[in-house]
Amino acid sequence: MRGVVSMADDTKALKRAVKFRPVILILVMLVLTGGRAWGADLRSTAPTPGAQAETSPSLPPPMPVVRYVVEKGDTLWGLSRQWGVSVECIQAGNPDAQMMPGEVLEIPRWECRVFWAKGGELLTDLADYLRMPAADIARANRLREDAVFTPGQRVWIPLEVPANGVCREEAYVRTPEGDHWYARFPWPAVGCVSREFGSDGLGRHHGIDIAAPFGHGIICPRDGWVVEVGNNDSPTSPGLGTYIKVAHEFDEAGNPMLWTIYGHVSGFNVALGEVASGVGIRVRAGDVIGYVGNNGRSTGAHLHFEVWLRGRPQDPLNFLVGAGS
Ligand SMILES: [Zn+2]
């Protein structure tokens, strides 16, 4: 399964390989893509250095890798639909996956393959070898461009870097203050939407309900700070039960500008005392911040999920990968 390891035994091999680029490149692409003719995609979607310079510091770090705990009934195909990457991509990063409940998979946010390092290889040599910008590999792995790989290190190789350099899909939101583009989030919990955003027979709903089973992990979909945890009556959304609020972006004055709320949770994975201190707790995309529950105004286990932008609730489906417009 780990055939990619053999594509470069050491740094010397990488350097040698660069000299025979045309032939080697094709071979590498075949290895990376499992024989599929996706080489053209790799070349055509790699961003130019100029495009990267436009990345604003307020955008989230690229390609958070989600740590996903396999549940009964999960399939690779189902997970690929859920997270918006191919089955091959998930398999490349988790070559020993058995899909047994409780097993932890690492699921990248971009379509990618994996280079398993022998140790001592330079990131820049790998980039040369693949004819990709070293910055892409560095960003995808949260490494510096001058990184040297350690033995057995899993190095994500992004195959489909989006035009914005951040995410394959963007959310576009128009507010009175202006237009906003955001990289779409992965889903914070796995399940179907049992109640949508907006007004319905039950009243006004500031978020969506995701019908996930009791006790399942709530995955933070984007880097941020847990700024509030509490019970029942949030000033904006009464009936939430136990909830978590995560701020993802702040305005110039330091006030949250983009935040998400998770309601009816059965447990926290963050230290309440630290949150109460007012500073907030740093959380990363992919962290399990709490667990699905059924308290407050709730008639069954589910995750109530809200997205707020500049003080206004947004339809979360507009922000979630693969969820619509
Ligand atoms: Zn709800």
# chains A, B, ... in the order shown; residues from 1 in each chain; ligands from 1

call {"tool": "residues_around", "arguments": {"residues": "stretch 94-105 of chain A", "least_positions_apart": "2", "cutoff": "12 Å", "atoms": "only C-alpha atoms", "output": "PyMOL selection string"}}
result
chain A and resi 1-4+65-80+87-92+107-108+113-116+154-156+216-217+286

call {"tool": "write_last_selection", "arguments": {"atoms": "N, CA, C and O atoms", "output": "short mmCIF file (atom, residue, chain, number, x, y, z; two decimals), in the first residue's frame"}}
result
data_model
loop_
_atom_site.label_atom_id
_atom_site.label_comp_id
_atom_site.auth_asym_id
_atom_site.auth_seq_id
_atom_site.Cartn_x
_atom_site.Cartn_y
_atom_site.Cartn_z
N MET A 1 0.82 -1.21 0.00
CA MET A 1 0.00 0.00 0.00
C MET A 1 0.86 1.27 0.00
O MET A 1 0.51 2.28 -0.52
N ARG A 2 2.03 1.17 0.68
CA ARG A 2 2.82 2.39 0.79
C ARG A 2 3.80 2.51 -0.37
O ARG A 2 4.98 2.77 -0.17
N GLY A 3 3.29 2.33 -1.56
CA GLY A 3 4.17 2.31 -2.72
C GLY A 3 4.88 3.62 -2.94
O GLY A 3 5.94 3.66 -3.55
N VAL A 4 4.32 4.68 -2.42
CA VAL A 4 4.91 5.99 -2.66
C VAL A 4 6.29 6.10 -2.04
O VAL A 4 7.14 6.83 -2.50
N VAL A 65 -6.09 18.97 8.58
CA VAL A 65 -6.37 17.54 8.44
C VAL A 65 -7.30 17.14 9.59
O VAL A 65 -6.98 17.32 10.75
N VAL A 66 -8.44 16.65 9.24
CA VAL A 66 -9.44 16.30 10.25
C VAL A 66 -9.15 14.90 10.79
O VAL A 66 -8.94 13.97 10.02
N ARG A 67 -9.10 14.79 12.11
CA ARG A 67 -8.97 13.47 12.73
C ARG A 67 -10.37 12.93 12.93
O ARG A 67 -11.16 13.50 13.69
N TYR A 68 -10.69 11.88 12.24
CA TYR A 68 -12.05 11.36 12.25
C TYR A 68 -12.10 9.98 12.89
O TYR A 68 -11.30 9.10 12.53
N VAL A 69 -13.00 9.81 13.83
CA VAL A 69 -13.14 8.51 14.49
C VAL A 69 -14.22 7.71 13.75
O VAL A 69 -15.37 8.14 13.64
N VAL A 70 -13.83 6.56 13.24
CA VAL A 70 -14.74 5.73 12.45
C VAL A 70 -15.88 5.23 13.33
O VAL A 70 -15.67 4.81 14.47
N GLU A 71 -17.07 5.31 12.78
CA GLU A 71 -18.25 4.83 13.48
C GLU A 71 -18.85 3.65 12.73
O GLU A 71 -18.59 3.47 11.53
N LYS A 72 -19.68 2.90 13.44
CA LYS A 72 -20.29 1.72 12.85
C LYS A 72 -21.07 2.13 11.60
O LYS A 72 -21.83 3.09 11.63
N GLY A 73 -20.85 1.42 10.53
CA GLY A 73 -21.58 1.72 9.31
C GLY A 73 -20.86 2.67 8.37
O GLY A 73 -21.28 2.86 7.23
N ASP A 74 -19.78 3.30 8.84
CA ASP A 74 -19.03 4.19 7.96
C ASP A 74 -18.37 3.41 6.83
O ASP A 74 -17.92 2.28 7.02
N THR A 75 -18.33 4.05 5.66
CA THR A 75 -17.60 3.46 4.53
C THR A 75 -16.65 4.52 3.98
O THR A 75 -16.86 5.72 4.19
N LEU A 76 -15.63 4.07 3.28
CA LEU A 76 -14.70 5.03 2.67
C LEU A 76 -15.45 5.94 1.70
O LEU A 76 -15.20 7.14 1.62
N TRP A 77 -16.37 5.32 0.95
CA TRP A 77 -17.10 6.12 -0.02
C TRP A 77 -17.94 7.20 0.70
O TRP A 77 -17.99 8.35 0.28
N GLY A 78 -18.60 6.80 1.77
CA GLY A 78 -19.42 7.75 2.53
C GLY A 78 -18.57 8.88 3.09
O GLY A 78 -18.96 10.05 3.03
N LEU A 79 -17.39 8.53 3.60
CA LEU A 79 -16.52 9.57 4.15
C LEU A 79 -16.01 10.49 3.06
O LEU A 79 -15.84 11.69 3.25
N SER A 80 -15.77 9.91 1.88
CA SER A 80 -15.27 10.76 0.79
C SER A 80 -16.34 11.77 0.38
O SER A 80 -16.04 12.91 0.07
N VAL A 87 -11.91 8.76 -2.43
CA VAL A 87 -11.59 7.56 -1.65
C VAL A 87 -10.08 7.32 -1.67
O VAL A 87 -9.46 7.00 -0.65
N GLU A 88 -9.46 7.51 -2.85
CA GLU A 88 -8.02 7.30 -2.98
C GLU A 88 -7.24 8.22 -2.05
O GLU A 88 -6.22 7.84 -1.48
N CYS A 89 -7.74 9.42 -1.92
CA CYS A 89 -7.09 10.41 -1.06
C CYS A 89 -7.09 9.93 0.39
O CYS A 89 -6.06 9.98 1.08
N ILE A 90 -8.23 9.44 0.84
CA ILE A 90 -8.33 8.96 2.23
C ILE A 90 -7.47 7.72 2.41
O ILE A 90 -6.75 7.58 3.40
N GLN A 91 -7.49 6.84 1.41
CA GLN A 91 -6.68 5.62 1.51
C GLN A 91 -5.19 5.94 1.52
O GLN A 91 -4.42 5.30 2.24
N ALA A 92 -4.79 6.93 0.73
CA ALA A 92 -3.37 7.26 0.66
C ALA A 92 -2.84 7.69 2.02
O ALA A 92 -1.72 7.36 2.39
N ILE A 107 -8.15 12.75 7.66
CA ILE A 107 -8.78 13.08 6.39
C ILE A 107 -8.41 14.51 6.00
O ILE A 107 -8.74 15.45 6.71
N PRO A 108 -7.68 14.66 4.88
CA PRO A 108 -7.28 16.00 4.47
C PRO A 108 -8.43 16.75 3.81
O PRO A 108 -9.38 16.15 3.32
N ARG A 113 -2.38 13.12 -2.24
CA ARG A 113 -1.75 11.84 -2.03
C ARG A 113 -0.70 12.02 -0.94
O ARG A 113 -0.54 13.10 -0.41
N VAL A 114 0.02 10.94 -0.66
CA VAL A 114 0.94 11.00 0.47
C VAL A 114 2.33 10.53 0.05
O VAL A 114 2.47 9.57 -0.71
N PHE A 115 3.34 11.22 0.53
CA PHE A 115 4.72 10.76 0.40
C PHE A 115 5.15 10.31 1.79
O PHE A 115 5.09 11.08 2.75
N TRP A 116 5.53 9.04 1.90
CA TRP A 116 6.02 8.52 3.18
C TRP A 116 7.54 8.67 3.19
O TRP A 116 8.23 8.03 2.40
N ARG A 154 4.57 11.26 7.37
CA ARG A 154 3.55 11.30 6.33
C ARG A 154 3.49 12.73 5.79
O ARG A 154 3.21 13.66 6.53
N VAL A 155 3.76 12.88 4.51
CA VAL A 155 3.77 14.21 3.90
C VAL A 155 2.63 14.30 2.91
O VAL A 155 2.59 13.56 1.92
N TRP A 156 1.68 15.17 3.18
CA TRP A 156 0.55 15.33 2.26
C TRP A 156 0.99 16.07 1.02
O TRP A 156 1.67 17.09 1.11
N HIS A 216 -21.41 11.43 20.02
CA HIS A 216 -20.45 11.52 18.92
C HIS A 216 -19.69 12.85 18.99
O HIS A 216 -20.22 13.85 19.45
N GLY A 217 -18.45 12.82 18.51
CA GLY A 217 -17.61 14.00 18.60
C GLY A 217 -18.11 15.15 17.74
O GLY A 217 -18.62 14.95 16.65
N GLY A 286 -10.50 20.41 13.14
CA GLY A 286 -10.29 18.98 13.32
C GLY A 286 -10.32 18.56 14.78
O GLY A 286 -10.48 17.39 15.09
#

call {"tool": "residues_near_ligand", "arguments": {"ligand": "ligand 1", "cutoff": "7 Å", "atoms": "only C-alpha atoms and all ligand atoms", "output": "ChimeraX atom specification"}}
result
/A:195,205,207-209,304-305

call {"tool": "closest_residue", "arguments": {"among": "A:Ala247, A:Leu130, A:Ile210, A:Val148", "to": "A:Ala117", "atoms": "only C-alpha atoms"}}
result
A:Val148

call {"tool": "select_by_dssp", "arguments": {"residues": "stretch 166-205 of chain A", "states": "strand (DSSP E)", "output": "mmCIF file with N, CA, C and O atoms, in the first residue's frame"}}
result
data_model
loop_
_atom_site.group_PDB
_atom_site.id
_atom_site.type_symbol
_atom_site.label_atom_id
_atom_site.label_comp_id
_atom_site.auth_asym_id
_atom_site.auth_seq_id
_atom_site.Cartn_x
_atom_site.Cartn_y
_atom_site.Cartn_z
ATOM 1 N N GLU A 170 -15.734 27.815 -1.914
ATOM 2 C CA GLU A 170 -15.848 29.067 -1.175
ATOM 3 C C GLU A 170 -17.292 29.359 -0.837
ATOM 4 O O GLU A 170 -18.196 29.044 -1.604
ATOM 5 N N ALA A 171 -17.486 29.976 0.304
ATOM 6 C CA ALA A 171 -18.796 30.509 0.642
ATOM 7 C C ALA A 171 -18.760 31.998 0.335
ATOM 8 O O ALA A 171 -17.778 32.676 0.633
ATOM 9 N N TYR A 172 -19.809 32.479 -0.271
ATOM 10 C CA TYR A 172 -19.910 33.911 -0.570
ATOM 11 C C TYR A 172 -21.089 34.471 0.213
ATOM 12 O O TYR A 172 -22.200 33.948 0.141
ATOM 13 N N VAL A 173 -20.840 35.497 0.993
ATOM 14 C CA VAL A 173 -21.893 36.090 1.815
ATOM 15 C C VAL A 173 -21.903 37.593 1.610
ATOM 16 O O VAL A 173 -20.845 38.240 1.700
ATOM 17 N N ARG A 174 -23.067 38.131 1.341
ATOM 18 C CA ARG A 174 -23.180 39.585 1.195
ATOM 19 C C ARG A 174 -23.826 40.148 2.460
ATOM 20 O O ARG A 174 -24.888 39.698 2.881
ATOM 21 N N THR A 175 -23.173 41.097 3.084
ATOM 22 C CA THR A 175 -23.732 41.758 4.272
ATOM 23 C C THR A 175 -23.782 43.252 3.994
ATOM 24 O O THR A 175 -23.175 43.729 3.035
ATOM 25 N N GLY A 178 -20.495 44.708 3.434
ATOM 26 C CA GLY A 178 -19.702 44.365 2.265
ATOM 27 C C GLY A 178 -19.781 42.882 1.948
ATOM 28 O O GLY A 178 -20.523 42.127 2.576
ATOM 29 N N ASP A 179 -19.021 42.487 0.941
ATOM 30 C CA ASP A 179 -19.021 41.088 0.512
ATOM 31 C C ASP A 179 -17.912 40.321 1.223
ATOM 32 O O ASP A 179 -16.842 40.849 1.482
ATOM 33 N N HIS A 180 -18.205 39.059 1.516
ATOM 34 C CA HIS A 180 -17.218 38.212 2.195
ATOM 35 C C HIS A 180 -17.112 36.871 1.491
ATOM 36 O O HIS A 180 -18.116 36.314 1.076
ATOM 37 N N TRP A 181 -15.894 36.405 1.384
ATOM 38 C CA TRP A 181 -15.660 35.062 0.851
ATOM 39 C C TRP A 181 -14.961 34.245 1.923
ATOM 40 O O TRP A 181 -14.019 34.717 2.556
ATOM 41 N N TYR A 182 -15.444 33.059 2.118
ATOM 42 C CA TYR A 182 -14.814 32.184 3.100
ATOM 43 C C TYR A 182 -14.591 30.812 2.501
ATOM 44 O O TYR A 182 -15.393 30.336 1.705
ATOM 45 N N ALA A 183 -13.509 30.192 2.935
ATOM 46 C CA ALA A 183 -13.325 28.787 2.603
ATOM 47 C C ALA A 183 -14.415 28.007 3.322
ATOM 48 O O ALA A 183 -14.696 28.251 4.486
ATOM 49 N N CYS A 192 -27.567 13.664 8.880
ATOM 50 C CA CYS A 192 -28.393 14.431 7.949
ATOM 51 C C CYS A 192 -28.955 15.661 8.673
ATOM 52 O O CYS A 192 -28.950 15.745 9.902
ATOM 53 N N VAL A 193 -29.425 16.605 7.875
ATOM 54 C CA VAL A 193 -29.987 17.829 8.440
ATOM 55 C C VAL A 193 -31.455 17.579 8.782
ATOM 56 O O VAL A 193 -32.280 17.352 7.900
ATOM 57 N N SER A 194 -31.775 17.626 10.082
ATOM 58 C CA SER A 194 -33.136 17.315 10.501
ATOM 59 C C SER A 194 -33.998 18.572 10.634
ATOM 60 O O SER A 194 -35.218 18.488 10.703
ATOM 61 N N ARG A 195 -33.372 19.729 10.696
ATOM 62 C CA ARG A 195 -34.130 20.979 10.682
ATOM 63 C C ARG A 195 -33.250 22.054 10.058
ATOM 64 O O ARG A 195 -32.075 22.192 10.414
ATOM 65 N N GLY A 198 -33.784 29.179 9.487
ATOM 66 C CA GLY A 198 -34.866 30.087 9.100
ATOM 67 C C GLY A 198 -36.126 29.846 9.898
ATOM 68 O O GLY A 198 -36.154 29.066 10.852
ATOM 69 N N SER A 199 -37.188 30.493 9.478
ATOM 70 C CA SER A 199 -38.447 30.359 10.192
ATOM 71 C C SER A 199 -39.233 29.162 9.686
ATOM 72 O O SER A 199 -39.312 28.934 8.480
ATOM 73 N N ASP A 200 -39.771 28.402 10.623
ATOM 74 C CA ASP A 200 -40.659 27.304 10.239
ATOM 75 C C ASP A 200 -41.772 27.229 11.287
ATOM 76 O O ASP A 200 -41.929 28.139 12.103
ATOM 77 N N GLY A 203 -40.918 28.073 14.826
ATOM 78 C CA GLY A 203 -40.372 29.387 15.160
ATOM 79 C C GLY A 203 -39.126 29.675 14.363
ATOM 80 O O GLY A 203 -38.865 29.050 13.334
ATOM 81 N N ARG A 204 -38.385 30.666 14.857
ATOM 82 C CA ARG A 204 -37.177 31.061 14.135
ATOM 83 C C ARG A 204 -36.005 30.187 14.573
ATOM 84 O O ARG A 204 -35.782 30.007 15.766
ATOM 85 N N HIS A 205 -35.290 29.675 13.597
ATOM 86 C CA HIS A 205 -34.171 28.779 13.870
ATOM 87 C C HIS A 205 -32.891 29.423 13.359
ATOM 88 O O HIS A 205 -32.740 29.620 12.158
#

call {"tool": "atom_distance", "arguments": {"atom1": "atom CA of A:Trp187", "atom2": "atom CA of A:Pro221"}}
result
6.4 Å

call {"tool": "residues_around", "arguments": {"residues": "A:Phe214", "least_positions_apart": "2", "cutoff": "6 Å", "atoms": "only C-alpha atoms", "output": "ChimeraX atom specification"}}
result
/A:216,292-293,301

call {"tool": "residues_around", "arguments": {"residues": "A:Asn269", "least_positions_apart": "3", "cutoff": "7 Å", "atoms": "only C-alpha atoms", "output": "list in words"}}
result
Val288, Ile289 and Gly290 of chain A

call {"tool": "select_by_dssp", "arguments": {"residues": "stretch 132-270 of chain A", "states": "helix (DSSP H, G or I)", "output": "ChimeraX atom specification"}}
result
/A:134-141

call {"tool": "closest_residue", "arguments": {"among": "A:Pro151, A:Gly296, A:Pro188, A:Gly120", "to": "A:Phe319", "atoms": "only C-alpha atoms"}}
result
A:Pro188

call {"tool": "atom_distance", "arguments": {"atom1": "atom CA of A:Gly311", "atom2": "atom CA of A:Ala285"}}
result
22.2 Å

call {"tool": "residues_around", "arguments": {"residues": "A:Val283", "least_positions_apart": "3", "cutoff": "7 Å", "atoms": "only C-alpha atoms", "output": "PyMOL selection string"}}
result
chain A and resi 223-226+287

call {"tool": "write_last_selection", "arguments": {"atoms": "N, CA and C atoms", "output": "PDB file, in the first residue's frame"}}
result
ATOM      1  N   ASP A 223     -10.110  26.775  12.414  1.00  0.00           N
ATOM      2  CA  ASP A 223      -9.325  27.275  13.538  1.00  0.00           C
ATOM      3  C   ASP A 223     -10.051  28.420  14.233  1.00  0.00           C
ATOM      4  N   GLY A 224      -9.865  28.527  15.530  1.00  0.00           N
ATOM      5  CA  GLY A 224     -10.520  29.625  16.243  1.00  0.00           C
ATOM      6  C   GLY A 224     -10.200  29.587  17.724  1.00  0.00           C
ATOM      7  N   TRP A 225     -11.028  30.309  18.480  1.00  0.00           N
ATOM      8  CA  TRP A 225     -10.891  30.358  19.928  1.00  0.00           C
ATOM      9  C   TRP A 225     -12.245  30.071  20.555  1.00  0.00           C
ATOM     10  N   VAL A 226     -12.271  29.159  21.518  1.00  0.00           N
ATOM     11  CA  VAL A 226     -13.502  28.960  22.283  1.00  0.00           C
ATOM     12  C   VAL A 226     -13.622  30.147  23.217  1.00  0.00           C
ATOM     13  N   ASP A 287     -10.157  19.524  15.704  1.00  0.00           N
ATOM     14  CA  ASP A 287     -10.222  19.186  17.125  1.00  0.00           C
ATOM     15  C   ASP A 287     -11.647  18.778  17.489  1.00  0.00           C
TER      16      ASP A 287
END

call {"tool": "atom_distance", "arguments": {"atom1": "atom CA of A:Gly191", "atom2": "atom CA of A:Phe268"}}
result
19.7 Å

call {"tool": "residues_around", "arguments": {"residues": "A:Trp259", "least_positions_apart": "3", "cutoff": "8 Å", "atoms": "only C-alpha atoms", "output": "VMD selection string"}}
result
chain A and resid 245 to 249 256 307 to 309

call {"tool": "closest_residue", "arguments": {"among": "A:Ile137, A:Val227, A:Leu159, A:His302", "to": "A:Asp125", "atoms": "only C-alpha atoms"}}
result
A:Ile137

call {"tool": "residues_around", "arguments": {"residues": "A:Glu306", "least_positions_apart": "5", "cutoff": "8 Å", "atoms": "only C-alpha atoms", "output": "list of chain:residue names"}}
result
A:His206, A:Gly207, A:Ile208, A:Thr260, A:Ile261, A:Tyr262, A:Pro313, A:Gln314, A:Asp315, A:Pro316

call {"tool": "closest_residue", "arguments": {"among": "A:Ser266, A:Thr242, A:Thr150, A:Asn295", "to": "A:Leu122", "atoms": "only C-alpha atoms"}}
result
A:Thr150
